file upload01.txt (compact mmCIF, C-alpha atoms and all ligand atoms)
# COMPACT_ATOMS: atom_id res chain seq x y z
CA MET A 45 3.42 32.16 107.60
CA PRO A 46 0.48 29.75 107.69
CA ASN A 47 -1.83 29.57 104.71
CA SER A 48 0.51 31.43 102.40
CA PRO A 49 0.01 30.29 98.80
CA SER A 50 3.39 28.59 98.64
CA ASP A 51 2.70 26.71 101.88
CA ARG A 52 -0.56 25.40 100.55
CA SER A 53 0.91 24.18 97.30
CA GLY A 54 3.62 22.34 99.24
CA ALA A 55 0.94 20.52 101.20
CA ARG A 56 -0.98 19.39 98.13
CA ARG A 57 -1.19 15.68 97.51
CA ARG A 58 -0.67 14.57 93.98
CA ILE A 59 -3.10 11.90 92.75
CA ALA A 60 -2.44 10.19 89.43
CA VAL A 61 -5.54 8.99 87.63
CA GLN A 62 -5.67 6.52 84.78
CA ARG A 63 -8.52 5.41 82.57
CA LYS A 64 -7.75 1.83 83.49
CA GLY A 65 -6.08 1.05 86.78
CA PRO A 66 -5.98 2.36 90.33
CA LEU A 67 -5.70 5.90 91.62
CA LEU A 68 -2.13 6.51 92.72
CA VAL A 69 -1.91 8.64 95.85
CA GLU A 70 1.16 9.76 97.76
CA GLY A 71 1.19 8.01 101.13
CA PRO A 72 0.80 7.66 104.01
CA VAL A 73 -2.99 7.75 103.82
CA GLU A 74 -6.12 7.16 105.85
CA VAL A 75 -9.10 5.96 103.84
CA GLU A 76 -12.60 6.26 105.24
CA LEU A 77 -14.88 3.55 103.91
CA GLU A 78 -18.63 3.77 103.33
CA ASP A 79 -19.41 2.26 106.71
CA GLY A 80 -17.33 4.90 108.47
CA SER A 81 -14.42 2.59 109.28
CA VAL A 82 -10.93 3.88 108.55
CA VAL A 83 -8.03 1.91 107.07
CA THR A 84 -4.46 3.19 106.82
CA SER A 85 -1.34 2.62 104.75
CA ASP A 86 2.16 3.97 105.42
CA ARG A 87 3.49 3.16 101.97
CA PHE A 88 5.24 5.94 99.99
CA ARG A 89 2.56 5.58 97.39
CA VAL A 90 -0.79 3.85 97.57
CA ALA A 91 -2.88 2.31 94.78
CA LEU A 92 -6.62 2.73 95.37
CA CYS A 93 -8.94 0.36 93.56
CA THR A 94 -11.35 1.99 91.11
CA CYS A 95 -12.67 -1.13 89.36
CA ARG A 96 -14.30 -2.38 92.57
CA ARG A 97 -13.11 -5.91 91.93
CA SER A 98 -10.27 -5.89 94.45
CA ARG A 99 -10.42 -8.49 97.18
CA ARG A 100 -8.35 -6.14 99.31
CA TYR A 101 -10.54 -3.10 98.77
CA PRO A 102 -9.83 -0.16 98.98
CA TRP A 103 -6.31 -1.21 97.95
CA CYS A 104 -5.66 -2.31 94.38
CA ASP A 105 -4.79 -6.00 93.95
CA THR A 106 -4.45 -5.83 90.11
CA SER A 107 -7.92 -7.37 89.59
CA HIS A 108 -8.60 -4.67 86.96
CA ARG A 109 -6.33 -6.48 84.52
CA ASP A 110 -7.61 -8.06 81.33
CA ARG A 111 -7.98 -11.80 81.44
CA ALA A 112 -7.34 -14.00 78.44
CA MET B 1298 15.25 -13.87 113.34
CA GLU B 1299 18.69 -13.18 114.68
CA HIS B 1300 20.91 -12.06 111.84
CA ASP B 1301 23.56 -14.72 111.22
CA ARG B 1302 26.97 -13.36 112.02
CA GLU B 1303 28.83 -16.04 110.16
CA GLU B 1304 29.24 -16.17 106.44
CA PRO B 1305 27.63 -19.09 104.61
CA ARG B 1306 29.59 -22.29 104.12
CA LEU B 1307 30.88 -23.08 100.65
CA PRO B 1308 28.48 -25.51 98.99
CA ARG B 1309 29.19 -29.02 97.73
CA PRO B 1310 30.63 -28.86 94.19
CA ARG B 1311 28.51 -30.20 91.34
CA GLY B 1312 31.16 -30.77 88.68
CA PRO B 1313 34.60 -29.61 87.55
CA LEU B 1314 33.76 -25.90 87.19
CA SER B 1315 32.15 -25.41 90.59
CA ARG B 1316 34.81 -27.62 92.17
CA GLY B 1317 37.54 -25.53 90.58
CA VAL B 1318 36.05 -22.22 91.73
CA ALA B 1319 35.37 -23.50 95.26
CA THR B 1320 38.89 -24.90 95.57
CA TYR B 1321 40.37 -21.63 94.37
CA LEU B 1322 38.25 -19.67 96.85
CA ARG B 1323 39.64 -21.78 99.66
CA GLY B 1324 43.13 -20.98 98.36
CA ALA B 1325 43.80 -24.62 97.61
CA GLY B 1326 44.21 -24.86 93.86
CA GLY B 1327 43.85 -23.50 90.37
CA LEU B 1328 40.83 -22.13 88.56
CA PRO B 1329 38.87 -23.99 85.88
CA ARG B 1330 40.39 -23.73 82.42
CA LEU B 1331 38.57 -21.87 79.67
CA GLU B 1332 38.18 -25.07 77.57
CA GLU B 1333 36.21 -26.61 80.42
CA ILE B 1334 33.91 -23.59 80.51
CA VAL B 1335 33.28 -23.79 76.77
CA ARG B 1336 32.31 -27.47 77.04
CA ALA B 1337 29.94 -27.26 80.00
CA GLU B 1338 26.13 -27.32 79.73
CA VAL B 1339 25.23 -23.61 79.95
CA TYR B 1340 22.10 -23.95 82.12
CA GLY B 1341 23.50 -26.98 83.96
CA GLU B 1342 24.08 -27.08 87.70
CA ASP B 1343 27.89 -27.10 87.47
CA LEU B 1344 28.31 -23.97 85.37
CA GLN B 1345 25.49 -22.17 87.18
CA LEU B 1346 26.89 -23.02 90.62
CA ALA B 1347 30.36 -21.86 89.55
CA LEU B 1348 28.85 -18.55 88.45
CA TYR B 1349 26.78 -18.34 91.63
CA LEU B 1350 29.95 -18.71 93.72
CA CYS B 1351 31.60 -15.86 91.81
CA TYR B 1352 28.57 -13.62 92.30
CA GLU B 1353 28.03 -14.42 95.95
CA LEU B 1354 31.35 -12.75 96.77
CA HIS B 1355 29.59 -9.44 95.99
CA TYR B 1356 26.82 -10.16 98.52
CA ARG B 1357 27.78 -12.00 101.68
CA GLY B 1358 30.84 -14.05 100.70
CA PHE B 1359 31.68 -17.43 102.23
CA ALA B 1360 33.19 -18.54 105.51
CA GLY B 1361 36.93 -19.09 105.18
CA VAL B 1362 37.15 -17.11 101.91
CA SER B 1363 39.03 -13.82 101.88
CA PRO B 1364 36.77 -10.85 101.02
CA ASP B 1365 39.54 -9.70 98.66
CA ARG B 1366 38.63 -12.53 96.29
CA GLU B 1367 35.72 -10.32 95.16
CA TRP B 1368 38.12 -8.40 92.90
CA ASP B 1369 40.61 -11.18 92.15
CA PRO B 1370 41.62 -10.71 88.47
CA GLY B 1371 41.94 -14.44 87.75
CA LEU B 1372 38.54 -15.15 89.22
CA LEU B 1373 36.99 -12.21 87.35
CA ARG B 1374 38.38 -13.65 84.10
CA VAL B 1375 36.67 -16.96 84.81
CA ARG B 1376 33.47 -15.15 85.78
CA ALA B 1377 33.56 -13.21 82.50
CA ALA B 1378 33.89 -16.46 80.51
CA LEU B 1379 30.95 -18.00 82.42
CA GLU B 1380 28.88 -14.86 81.91
CA GLN B 1381 29.64 -14.73 78.25
CA ARG B 1382 28.26 -18.23 77.77
CA PHE B 1383 25.21 -17.50 79.92
CA LEU B 1384 24.40 -14.18 78.25
CA SER B 1385 24.81 -15.39 74.69
CA ALA B 1386 22.62 -18.43 75.42
CA LEU B 1387 19.94 -16.14 76.84
CA ARG B 1388 20.12 -13.81 73.85
CA THR B 1389 19.46 -16.78 71.57
CA ASP B 1390 16.87 -18.61 73.67
CA ALA B 1391 14.83 -15.83 75.22
CA ARG B 1392 13.92 -13.54 72.34
CA VAL B 1393 10.18 -13.30 72.03
CA HIS B 1394 8.97 -9.72 71.69
CA ASP B 1395 9.86 -7.19 69.02
CA SER B 1396 8.76 -4.22 71.08
CA LEU B 1397 8.68 -3.21 74.72
CA ASP B 1398 5.01 -2.23 74.51
CA GLU B 1399 4.10 -5.75 73.42
CA ALA B 1400 6.24 -7.33 76.11
CA LEU B 1401 4.61 -5.20 78.83
CA ALA B 1402 1.12 -5.75 77.43
CA ASP B 1403 1.62 -9.51 77.60
CA LEU B 1404 2.77 -9.33 81.21
CA LEU B 1405 -0.34 -7.35 82.11
CA VAL B 1406 -2.79 -10.01 80.91
CA GLU B 1407 -3.86 -12.60 83.45
CA PRO B 1408 -4.53 -16.07 82.00
CA VAL B 1409 -8.03 -17.28 82.91
CA ASP B 1410 -6.92 -20.80 83.67
CA GLY B 1411 -3.22 -20.59 84.32
CA THR B 1412 -1.17 -23.71 84.88
CA GLY B 1413 1.90 -22.30 86.60
CA VAL B 1414 3.51 -23.19 89.90
CA SER B 1415 1.38 -20.75 91.90
CA HIS B 1416 -1.80 -22.31 90.43
CA PHE B 1417 -0.55 -25.77 91.35
CA LEU B 1418 0.32 -24.70 94.89
CA ARG B 1419 -3.01 -22.93 95.36
CA ASP B 1420 -5.07 -25.89 94.13
CA GLU B 1421 -3.16 -28.97 95.24
CA GLY B 1422 0.00 -27.88 97.01
CA GLU B 1423 0.90 -29.78 100.16
CA LEU B 1424 3.19 -28.55 102.90
CA TRP B 1425 6.16 -30.43 101.48
CA HIS B 1426 5.72 -28.64 98.15
CA LEU B 1427 5.58 -25.30 99.92
CA ARG B 1428 8.71 -26.12 101.91
CA GLU B 1429 10.60 -27.06 98.76
CA TYR B 1430 9.38 -23.95 97.00
CA ALA B 1431 10.47 -21.72 99.89
CA ALA B 1432 13.86 -23.44 100.19
CA GLN B 1433 14.56 -22.90 96.48
CA ARG B 1434 13.30 -19.32 96.49
CA SER B 1435 15.25 -18.49 99.66
CA LEU B 1436 18.35 -18.01 97.52
CA TYR B 1437 16.73 -14.83 96.26
CA HIS B 1438 14.24 -13.82 98.93
CA LEU B 1439 16.84 -13.75 101.73
CA LYS B 1440 18.53 -11.02 99.69
CA GLU B 1441 15.33 -9.71 98.18
CA ALA B 1442 15.75 -6.50 96.15
CA ASP B 1443 19.53 -6.45 96.77
CA PRO B 1444 20.60 -7.35 93.19
CA HIS B 1445 18.49 -4.45 91.94
CA ALA B 1446 20.22 -1.92 94.18
CA TRP B 1447 23.24 -1.92 91.87
CA VAL B 1448 21.24 -0.11 89.22
CA LEU B 1449 20.67 2.96 91.40
CA PRO B 1450 23.92 4.84 90.58
CA ARG B 1451 23.25 4.15 86.90
CA LEU B 1452 19.88 5.89 86.86
CA TRP B 1453 19.04 9.52 87.38
CA GLY B 1454 16.11 11.89 87.67
CA ARG B 1455 12.64 10.34 87.70
CA ALA B 1456 13.89 6.78 87.16
CA LYS B 1457 16.30 6.97 90.08
CA ALA B 1458 13.81 8.56 92.47
CA ALA B 1459 11.18 5.95 91.63
CA MET B 1460 13.58 3.00 91.80
CA ALA B 1461 14.89 4.18 95.18
CA ALA B 1462 11.33 4.58 96.49
CA VAL B 1463 10.38 1.02 95.52
CA GLU B 1464 13.62 -0.36 96.94
CA PHE B 1465 12.99 1.55 100.18
CA ASP B 1466 9.62 -0.23 100.40
CA GLU B 1467 11.31 -3.61 99.71
CA TRP B 1468 13.70 -2.85 102.56
CA GLY B 1469 10.89 -2.22 105.01
CA GLY B 1470 10.45 1.54 104.62
CA GLY B 1471 12.98 2.15 107.38
CA ARG B 1472 11.75 -0.60 109.71
CA ALA B 1473 13.89 -3.69 110.16
CA GLU B 1474 10.94 -5.93 110.98
CA ARG B 1475 9.31 -5.06 107.66
CA VAL B 1476 12.29 -5.73 105.38
CA HIS B 1477 10.96 -8.20 102.81
CA ALA B 1478 13.96 -10.52 103.30
CA ARG B 1479 13.05 -10.60 106.98
CA LEU B 1480 9.38 -11.32 106.18
CA PHE B 1481 10.59 -14.22 104.08
CA ALA B 1482 12.76 -15.55 106.90
CA ASP B 1483 9.63 -15.44 109.08
CA LEU B 1484 7.77 -17.42 106.40
CA MET B 1485 10.57 -19.98 106.40
CA ALA B 1486 10.35 -20.31 110.17
CA ASP B 1487 6.60 -20.99 109.85
CA LEU B 1488 7.44 -23.77 107.39
CA GLY B 1489 10.03 -25.28 109.73
CA LEU B 1490 12.95 -24.26 107.52
CA ASP B 1491 16.36 -23.00 108.60
CA THR B 1492 16.50 -19.22 108.01
CA THR B 1493 20.30 -19.05 107.80
CA TYR B 1494 21.46 -17.15 104.71
CA GLY B 1495 22.78 -19.57 102.08
CA ARG B 1496 21.57 -22.63 103.99
CA TYR B 1497 19.75 -24.15 100.98
CA LEU B 1498 22.33 -23.50 98.29
CA ASP B 1499 23.08 -27.24 98.15
CA ALA B 1500 19.37 -27.97 97.81
CA ALA B 1501 18.69 -25.53 94.98
CA SER B 1502 18.11 -26.95 91.51
CA ALA B 1503 20.06 -25.71 88.50
CA GLU B 1504 16.91 -23.90 87.34
CA ALA B 1505 16.70 -22.00 90.64
CA LEU B 1506 20.37 -21.00 90.43
CA VAL B 1507 19.74 -19.64 86.94
CA THR B 1508 16.97 -17.32 88.17
CA VAL B 1509 19.25 -15.74 90.77
CA ASN B 1510 22.31 -15.60 88.51
CA LEU B 1511 20.23 -13.67 86.00
CA MET B 1512 19.63 -10.86 88.51
CA SER B 1513 23.27 -10.71 89.55
CA LEU B 1514 24.38 -10.64 85.91
CA PHE B 1515 22.04 -7.76 85.09
CA GLY B 1516 22.75 -5.96 88.35
CA LEU B 1517 26.53 -6.07 88.22
CA HIS B 1518 26.91 -4.75 84.67
CA ARG B 1519 26.09 -1.14 83.91
CA ALA B 1520 25.88 -2.15 80.24
CA LEU B 1521 22.88 -4.30 81.22
CA ARG B 1522 21.02 -1.63 83.23
CA GLY B 1523 18.13 -1.71 80.77
CA ALA B 1524 17.82 -5.47 81.20
CA LEU B 1525 17.94 -5.08 84.99
CA VAL B 1526 15.04 -2.64 84.83
CA GLY B 1527 13.18 -5.09 82.58
CA HIS B 1528 13.83 -7.84 85.09
CA PHE B 1529 12.54 -5.74 87.99
CA ALA B 1530 9.44 -4.77 86.02
CA THR B 1531 8.67 -8.42 85.25
CA VAL B 1532 8.95 -9.44 88.89
CA GLU B 1533 6.80 -6.55 90.10
CA ILE B 1534 4.13 -6.86 87.38
CA THR B 1535 3.65 -10.61 87.78
CA SER B 1536 3.93 -10.64 91.56
CA SER B 1537 0.49 -9.51 92.75
CA PRO B 1538 -1.66 -12.20 91.11
CA GLY B 1539 0.93 -14.90 91.82
CA SER B 1540 1.28 -13.80 95.44
CA ARG B 1541 -2.48 -14.00 95.90
CA ARG B 1542 -2.42 -17.64 94.82
CA LEU B 1543 0.54 -18.39 97.08
CA ALA B 1544 -1.18 -16.67 100.02
CA GLU B 1545 -4.20 -18.90 99.39
CA ALA B 1546 -1.90 -21.95 99.34
CA MET B 1547 -0.42 -20.91 102.70
CA ARG B 1548 -3.90 -20.37 104.20
CA ARG B 1549 -5.31 -23.65 102.90
CA THR B 1550 -2.41 -25.69 104.23
CA GLY B 1551 -2.29 -23.85 107.56
CA ALA B 1552 1.35 -22.93 106.98
CA GLY B 1553 1.15 -20.10 109.52
CA PRO B 1554 0.53 -16.37 109.87
CA ALA B 1555 3.99 -15.19 108.75
CA ALA B 1556 3.83 -17.45 105.69
CA GLU B 1557 0.48 -15.91 104.74
CA HIS B 1558 1.67 -12.40 105.52
CA PHE B 1559 4.67 -12.53 103.19
CA TYR B 1560 2.44 -13.11 100.18
CA ASP B 1561 -0.45 -10.91 101.37
CA GLU B 1562 1.99 -8.05 101.72
CA HIS B 1563 3.24 -8.68 98.18
CA VAL B 1564 -0.27 -8.62 96.70
CA GLU B 1565 -0.69 -5.09 98.00
CA ALA B 1566 2.86 -3.76 97.72
CA ASP B 1567 3.45 -4.97 94.19
CA ALA B 1568 0.14 -3.58 92.92
CA VAL B 1569 1.80 -0.23 93.72
CA HIS B 1570 5.33 -1.19 92.72
CA GLU B 1571 4.35 -2.32 89.24
CA GLN B 1572 2.67 1.05 88.58
CA VAL B 1573 5.72 2.97 89.77
CA VAL B 1574 8.14 0.75 87.85
CA ARG B 1575 6.21 0.99 84.58
CA HIS B 1576 5.43 4.70 84.68
CA ASP B 1577 8.45 6.16 86.39
CA VAL B 1578 11.36 3.69 86.31
CA ILE B 1579 10.90 2.47 82.73
CA GLY B 1580 9.28 5.75 81.62
CA GLY B 1581 12.01 7.85 83.20
CA LEU B 1582 14.84 5.66 81.93
CA LEU B 1583 13.58 5.72 78.35
CA GLU B 1584 13.00 9.46 78.48
CA GLN B 1585 16.73 9.81 79.20
CA GLU B 1586 18.00 6.86 77.20
CA PRO B 1587 15.42 5.81 74.61
CA TYR B 1588 17.90 3.47 72.90
CA LEU B 1589 17.67 1.15 75.93
CA ALA B 1590 14.15 -0.02 75.04
CA PRO B 1591 15.39 -3.26 73.38
CA ASP B 1592 17.47 -4.03 76.49
CA VAL B 1593 14.45 -3.56 78.75
CA THR B 1594 12.52 -5.91 76.45
CA PHE B 1595 15.36 -8.44 76.60
CA GLY B 1596 15.32 -8.23 80.41
CA ILE B 1597 11.60 -9.04 80.43
CA ASP B 1598 11.90 -11.92 77.97
CA ALA B 1599 14.96 -13.41 79.70
CA THR B 1600 13.19 -13.27 83.07
CA GLU B 1601 10.11 -14.98 81.67
CA PHE B 1602 12.33 -17.60 80.05
CA VAL B 1603 14.22 -18.54 83.22
CA GLU B 1604 11.09 -18.41 85.40
CA GLU B 1605 9.23 -20.72 83.02
CA ARG B 1606 12.12 -23.19 83.06
CA PHE B 1607 12.15 -23.11 86.86
CA GLY B 1608 8.39 -23.62 87.03
CA ALA B 1609 8.41 -26.44 84.49
CA ARG B 1610 11.09 -28.27 86.45
CA LEU B 1611 9.18 -27.96 89.73
CA LEU B 1612 5.93 -29.16 88.20
CA ALA B 1613 7.59 -32.06 86.36
CA ASP B 1614 9.13 -33.29 89.61
CA TRP B 1615 6.05 -32.75 91.76
CA ARG B 1616 3.67 -34.34 89.27
CA ALA B 1617 5.94 -37.40 89.38
CA SER B 1618 5.80 -37.27 93.22
CA ARG B 1619 9.54 -36.52 93.29
CA SER B 1620 11.44 -33.96 95.26
CA SER B 1621 12.59 -30.98 93.16
CA LEU B 1622 15.66 -30.46 95.33
CA SER B 1623 19.27 -31.40 94.70
CA ALA B 1624 19.82 -32.21 98.37
CA PRO B 1625 17.16 -33.27 100.88
CA LEU B 1626 15.81 -30.85 103.48
CA ASP B 1627 16.61 -31.72 107.05
CA ARG B 1628 13.72 -32.70 109.18
CA GLU B 1629 12.01 -29.76 110.85
CA THR B 1630 14.47 -27.48 112.56
CA THR B 1631 13.68 -25.91 115.88
CA HIS B 1632 13.98 -22.18 116.16
CA THR B 1633 15.30 -20.04 118.91
CA SER B 1634 14.25 -16.81 117.22
FE FE C 1 9.21 -7.59 97.98
FE FE C 2 7.86 -5.35 95.09

call {"tool": "encode", "arguments": {"input": "upload01.txt", "output": "structure tokens"}}
result
Amino acid sequence: MPNSPSDRSGARRRIAVQRKGPLLVEGPVEVELEDGSVVTSDRFRVALCTCRRSRRYPWCDTSHRDRA
Amino acid sequence: MEHDREEPRLPRPRGPLSRGVATYLRGAGGLPRLEEIVRAEVYGEDLQLALYLCYELHYRGFAGVSPDREWDPGLLRVRAALEQRFLSALRTDARVHDSLDEALADLLVEPVDGTGVSHFLRDEGELWHLREYAAQRSLYHLKEADPHAWVLPRLWGRAKAAMAAVEFDEWGGGRAERVHARLFADLMADLGLDTTYGRYLDAASAEALVTVNLMSLFGLHRALRGALVGHFATVEITSSPGSRRLAEAMRRTGAGPAAEHFYDEHVEADAVHEQVVRHDVIGGLLEQEPYLAPDVTFGIDATEFVEERFGARLLADWRASRSSLSAPLDRETTHTS
């Protein structure tokens, strides 16, 4: 029974957002970048950079952390 | 990397305790006496190697040693006496934080000008430093994530699901060529090291033995499950920034693509793992068993303590242009893999 409500909820991806830190998305994912190129990750969960400081953008590399 | 079919050889003893345990394992003599254990230097190479030998029976064992020795009551009594000394020393020496929140907050701050081993290797590491570092770390990385597997039956619900997911990623997500221990063996091959499991046990310093014994201690005791989770959290939280520096060291020295890949993979993987471990493994565990918070904190502080000792020893030796190893590396080995 395609498109039944229960089917659709089963297909939903959960994304965890945090005020500080990456978006956590259930993998595997394809991410389309601004220039149209696509990068992929097969990991069970993926951390997407939101601080824009990552040197492995779009993946988080913990560059959002405080420095002291 | 062809998986070695033979068990590792027993290492060279480093004093009466490790000699006693090794002799007993070969079936050729008695165990160390308890008075000898009480007298030995707790973080010294003899006591730590003796404990390492006891623990290794739970992983891959040794050539010529009966697998039944794993549950030998006499040996377990000796192991318990060694553990008791180790654990009570750690409880005295490693206490730093009063609360788990503070301990985690400190781990999550990156020092602007750090002076640790990964900084040294990034800025001035030469290939011989990297080879020594890899040889010492191979004691853990060739069984990466294995000591933490023992905690799985002791967790449930959210904590268990999250821990199993991270471990699955450590073990390659179902693909043998992506198992992190395998990626480390590939790194070792790039550095001209022998990838045989247990090959560098003789070379490892006392401080390196301590770091691996800590994981086995926490992993093998259900009573220390909180500390094991704290240990895992510390490794995962500190790994990404450290791995970036080590990847840069590998690139700068031209160590090779597999050597770079091991650390590049850990920058990315552990940025995820640390989130999952903090939110779901620690969060889930404490939801079920809130009274374990001090144990998690102890696990973090003990891990920091032994890692700092290991780092200080490496840097002291290298700054004095000395080898950090207890036995020299062979010249470059050739690989058939
Ligand atoms: Fe790993
Ligand atoms: Fe990890």

call {"tool": "residues_near_ligand", "arguments": {"input": "upload01.txt", "ligand": "ligand FE 2 (chain C)", "cutoff": "9 Å", "atoms": "all atoms listed in the file", "output": "PyMOL selection string"}}
result
chain B and resi 1442+1463-1464+1466-1467+1477+1529+1532-1534+1536-1537+1563-1564+1566-1571

call {"tool": "residues_around", "arguments": {"input": "upload01.txt", "residues": "Gly65 (chain A)", "least_positions_apart": "2", "cutoff": "7 Å", "atoms": "all atoms listed in the file", "output": "VMD selection string"}}
result
chain A and resid 62 to 63 67 94 108

call {"tool": "write_last_selection", "arguments": {"input": "upload01.txt", "atoms": "C-alpha atoms", "output": "PDB file, keeping the file's coordinate frame"}}
result
ATOM      1  CA  GLN A  62      -5.670   6.520  84.780  1.00  0.00           C
ATOM      2  CA  ARG A  63      -8.520   5.410  82.570  1.00  0.00           C
ATOM      3  CA  LEU A  67      -5.700   5.900  91.620  1.00  0.00           C
ATOM      4  CA  THR A  94     -11.350   1.990  91.110  1.00  0.00           C
ATOM      5  CA  HIS A 108      -8.600  -4.670  86.960  1.00  0.00           C
TER       6      HIS A 108
END

call {"tool": "closest_residue", "arguments": {"input": "upload01.txt", "among": "A:Cys104, A:Cys95, A:Val83, A:Leu77", "to": "chain B", "atoms": "only C-alpha atoms"}}
result
A:Cys104

call {"tool": "interface_residues", "arguments": {"input": "upload01.txt", "of": "chain A", "to": "chain B", "cutoff": "7 Å", "atoms": "all atoms listed in the file", "output": "list of chain:residue names"}}
result
A:Arg89, A:Val90, A:Ala91, A:Trp103, A:Cys104, A:Asp105, A:Thr106, A:Arg109, A:Asp110, A:Arg111, A:Ala112

call {"tool": "closest_residue", "arguments": {"input": "upload01.txt", "among": "B:Ala1482, B:Val1526, B:Ala1337, B:Ala1590", "to": "Arg1434 (chain B)", "atoms": "all atoms listed in the file"}}
result
B:Ala1482

call {"tool": "decode", "arguments": {"input": "upload01.txt", "residues": "region 1403-1443 of chain B", "atoms": "C-alpha atoms", "output": "JSON list (two decimals), in the first residue's frame"}}
result
[["chain", "number", "residue", "atom", "x", "y", "z"],
["B", 1403, "ASP", "CA", 37.04, 20.05, 29.43],
["B", 1404, "LEU", "CA", 37.41, 17.35, 26.79],
["B", 1405, "LEU", "CA", 35.41, 19.45, 24.34],
["B", 1406, "VAL", "CA", 37.75, 22.45, 24.49],
["B", 1407, "GLU", "CA", 40.61, 22.51, 22.00],
["B", 1408, "PRO", "CA", 43.80, 24.15, 23.29],
["B", 1409, "VAL", "CA", 44.93, 26.95, 20.96],
["B", 1410, "ASP", "CA", 48.58, 26.01, 21.15],
["B", 1411, "GLY", "CA", 48.66, 22.43, 22.31],
["B", 1412, "THR", "CA", 51.93, 20.71, 23.08],
["B", 1413, "GLY", "CA", 50.93, 17.06, 22.89],
["B", 1414, "VAL", "CA", 52.35, 14.22, 20.84],
["B", 1415, "SER", "CA", 50.09, 14.90, 17.85],
["B", 1416, "HIS", "CA", 51.26, 18.55, 17.79],
["B", 1417, "PHE", "CA", 54.88, 17.41, 17.90],
["B", 1418, "LEU", "CA", 54.35, 14.89, 15.11],
["B", 1419, "ARG", "CA", 52.49, 17.41, 12.96],
["B", 1420, "ASP", "CA", 55.14, 20.11, 13.34],
["B", 1421, "GLU", "CA", 58.44, 18.26, 13.56],
["B", 1422, "GLY", "CA", 57.77, 14.54, 13.40],
["B", 1423, "GLU", "CA", 60.12, 12.51, 11.24],
["B", 1424, "LEU", "CA", 59.40, 9.09, 9.81],
["B", 1425, "TRP", "CA", 61.23, 7.34, 12.63],
["B", 1426, "HIS", "CA", 58.98, 9.07, 15.17],
["B", 1427, "LEU", "CA", 55.90, 8.00, 13.24],
["B", 1428, "ARG", "CA", 57.15, 4.42, 13.04],
["B", 1429, "GLU", "CA", 57.76, 4.32, 16.79],
["B", 1430, "TYR", "CA", 54.37, 5.86, 17.46],
["B", 1431, "ALA", "CA", 52.62, 3.32, 15.22],
["B", 1432, "ALA", "CA", 54.54, 0.38, 16.73],
["B", 1433, "GLN", "CA", 53.54, 1.42, 20.26],
["B", 1434, "ARG", "CA", 49.93, 2.13, 19.31],
["B", 1435, "SER", "CA", 49.65, -1.14, 17.37],
["B", 1436, "LEU", "CA", 49.04, -2.93, 20.67],
["B", 1437, "TYR", "CA", 45.65, -1.28, 20.71],
["B", 1438, "HIS", "CA", 44.88, -0.43, 17.10],
["B", 1439, "LEU", "CA", 45.33, -4.02, 15.86],
["B", 1440, "LYS", "CA", 42.44, -4.87, 18.18],
["B", 1441, "GLU", "CA", 40.76, -1.50, 17.87],
["B", 1442, "ALA", "CA", 37.34, -1.29, 19.54],
["B", 1443, "ASP", "CA", 37.57, -4.90, 20.78]]
